[in-house]
Amino acid sequence: MSFLSIRGLTAGYGKSVVLRGVDLDVDAGESVAVVGKNGAGKSTLLNSFFGGTTIKGGSLVVGGTPIEKLPAYAAPKHGVSISPQGRLILPHLTVQENLLLGAAAGRKGHWNLQRVFELFPILLERRHKLGTALSGGQQQMLAVGRALLGNPKVILLDEPTEGLSPVLVDELVSTFNKIRDAGTGVLVVEQHLNLVRRTTQRFVVMSKGEIIDRGRTEDIDSERHRAALAF
């Protein structure tokens with residue numbers, strides 16, 4: 001069984017249903033992309049791990065433990081953390097204090113403050129600055145580093161290239177590949193197909209809350225997959 005397993009997930013907000021019967025697996029050490037147009041349900045899928053939605057059916061299993069009925073902190077405790085859309089950097093904390101929040105789950109593993117600073121040297125240089133004083137790209141590094149300090153088996157990345165320049169996107173490509181090579185699985189919600197092509201092994205396409213296509217990233221530019229991406 002994969003470390004992260006989603007089966008028949010139906011979820012939404014209150015009485016509104018957004019996701020309909022979603023199936024998806026991600027294992028430690030692999031990288032998977034969720035692509036699709038705005039409003040397809042991609043962020044809703046990630047939020048479902050952390051109590052952000054009303055789950056109406058199906059299952060979310062992390063490391064063999066069903067978490068769909070557990071509190072929001074269960075996912076980080078069992079090995080899934082998130083770099084959220086918008087980064088959500090706490091404004092009154094320094095870079096280092098923001099990072100250390102990620103360690104609250106108390107999991108042991110590869111990632112510690114030193115390794116995060118090795119991955120993002122600029123965060124070491126600015127560790128005593130307020131997190132919100134960083135540039136947009138640096139704040140994205142901070143959000144990813146904070147999630148890594150939870151020592152996840154799988155890290156969720158929600159629109160990590162949003163608002164970033166092509167140069168910064170290239171830096172994130174290198175970073176995400178290093179994270180995967182260190183044995184941490186990556187599930188990334190992303191519309192930037194250039195990043196998807198360069199950092200992931202598999203992809204799924206979402207439309208109107210359903211997965212309508214899936215395949216190997218090396219085949220994403222085939223005629224069949226292009227048709228699904230345009231849907």
# chains A, B, ... in the order shown; residues from 1 in each chain; ligands from 1
$ closest_atom_pairs --of "segment 114-198 of chain A" --to "segment 17-30 of chain A" --cutoff "6 Å" --atoms "only C-alpha atoms" --output "Markdown table"
| residue | atom | partner | partner_atom | distance |
| --- | --- | --- | --- | --- |
| A:Lys153 | CA | A:Ala28 | CA | 5.3 |
| A:Val154 | CA | A:Ala28 | CA | 5.8 |
| A:Arg180 | CA | A:Gly29 | CA | 5.2 |
| A:Gly183 | CA | A:Gly29 | CA | 4.2 |
| A:Thr184 | CA | A:Gly29 | CA | 4.8 |
| A:Gly185 | CA | A:Ala28 | CA | 4.1 |
$ residues_around --residues "Glu162 of chain A" --least-positions-apart "2" --cutoff "9 Å" --atoms "only C-alpha atoms" --output "PyMOL selection string"
chain A and resi 85-86+159-160+164-165+190-192
$ write_last_selection --atoms "N, CA and C atoms" --output "mmCIF file, in the first residue's frame"
data_model
loop_
_atom_site.group_PDB
_atom_site.id
_atom_site.type_symbol
_atom_site.label_atom_id
_atom_site.label_comp_id
_atom_site.auth_asym_id
_atom_site.auth_seq_id
_atom_site.Cartn_x
_atom_site.Cartn_y
_atom_site.Cartn_z
ATOM 1 N N GLN A 85 -1.307 27.287 -0.042
ATOM 2 C CA GLN A 85 -1.450 28.383 -0.998
ATOM 3 C C GLN A 85 -1.467 29.703 -0.227
ATOM 4 N N GLY A 86 -0.710 30.677 -0.710
ATOM 5 C CA GLY A 86 -0.622 31.947 -0.003
ATOM 6 C C GLY A 86 0.432 31.969 1.086
ATOM 7 N N GLU A 159 0.079 25.236 -5.026
ATOM 8 C CA GLU A 159 0.410 26.354 -5.918
ATOM 9 C C GLU A 159 1.719 27.043 -5.503
ATOM 10 N N PRO A 160 2.825 26.310 -5.419
ATOM 11 C CA PRO A 160 4.071 26.901 -4.924
ATOM 12 C C PRO A 160 4.676 27.968 -5.816
ATOM 13 N N LEU A 164 5.457 33.952 -8.733
ATOM 14 C CA LEU A 164 6.917 33.939 -8.781
ATOM 15 C C LEU A 164 7.437 34.109 -10.211
ATOM 16 N N SER A 165 8.632 34.673 -10.312
ATOM 17 C CA SER A 165 9.273 34.868 -11.617
ATOM 18 C C SER A 165 9.799 33.537 -12.150
ATOM 19 N N GLU A 190 -0.446 22.354 -9.001
ATOM 20 C CA GLU A 190 0.316 23.331 -9.781
ATOM 21 C C GLU A 190 -0.297 23.509 -11.162
ATOM 22 N N GLN A 191 -0.326 24.768 -11.633
ATOM 23 C CA GLN A 191 -0.762 25.048 -12.997
ATOM 24 C C GLN A 191 0.418 25.307 -13.927
ATOM 25 N N HIS A 192 1.597 25.462 -13.354
ATOM 26 C CA HIS A 192 2.809 25.742 -14.126
ATOM 27 C C HIS A 192 3.351 24.417 -14.667
#
$ atom_distance --atom1 "atom CA of Val205 of chain A" --atom2 "atom CA of Leu157 of chain A"
15.9 Å
$ select_by_dssp --residues "chain A" --states "alpha helix (DSSP H)" --output "ChimeraX atom specification"
/A:42-47,74-78,95-101,113-119,121-125,136-148,166-181,193-199,223-229
$ closest_atom_pairs --of "segment 154-202 of chain A" --to "segment 213-221 of chain A" --cutoff "9 Å" --atoms "only C-alpha atoms" --output "tab-separated table"
residue	atom	partner	partner_atom	distance
A:Val196	CA	A:Thr217	CA	7.5
A:Arg197	CA	A:Thr217	CA	6.0
A:Arg198	CA	A:Thr217	CA	8.7
A:Thr200	CA	A:Thr217	CA	6.4
A:Gln201	CA	A:Thr217	CA	5.3
A:Arg202	CA	A:Arg216	CA	4.4
$ write_last_selection --atoms "C-alpha atoms" --output "PDB file, in the first residue's frame"
ATOM      1  CA  VAL A 196       5.356  19.710 -13.399  1.00  0.00           C
ATOM      2  CA  ARG A 197       7.383  18.329 -16.316  1.00  0.00           C
ATOM      3  CA  ARG A 198      10.684  18.863 -14.500  1.00  0.00           C
ATOM      4  CA  THR A 200       7.148  15.002 -11.060  1.00  0.00           C
ATOM      5  CA  GLN A 201       6.898  11.394 -12.129  1.00  0.00           C
ATOM      6  CA  ARG A 202       3.122  11.100 -12.383  1.00  0.00           C
TER       7      ARG A 202
END
$ residues_around --residues "Asn194 of chain A" --least-positions-apart "6" --cutoff "10 Å" --atoms "only C-alpha atoms" --output "list of chain:residue names"
A:Pro166, A:Val169, A:Asp170, A:Val173
$ atom_distance --atom1 "atom CA of Ser31 of chain A" --atom2 "atom CA of Val144 of chain A"
14.9 Å
$ closest_residue --among "A:Arg115, A:Lys15, A:His78, A:Lys37" --to "Lys56 of chain A" --atoms "only C-alpha atoms"
A:Lys15
$ select_by_dssp --residues "segment 37-167 of chain A" --states "strand (DSSP E or B)" --output "ChimeraX atom specification"
/A:54-62,65-66,80-83,94,130,154-158
$ residues_around --residues "His92 of chain A" --least-positions-apart "6" --cutoff "9 Å" --atoms "only C-alpha atoms" --output "compact mmCIF listing (two decimals) with C-alpha atoms, in the first residue's frame"
# COMPACT_ATOMS: atom_id res chain seq x y z
CA LEU A 130 10.51 38.85 10.37
CA GLY A 131 9.09 36.24 8.02
CA THR A 132 6.89 38.76 6.23
$ closest_residue --among "A:Asn112, A:Thr65, A:Ser43, A:Thr54" --to "Ile6 of chain A" --atoms "only C-alpha atoms"
A:Thr65
$ closest_residue --among "A:Lys178, A:His110, A:His225, A:Arg87" --to "Thr161 of chain A" --atoms "only C-alpha atoms"
A:Arg87
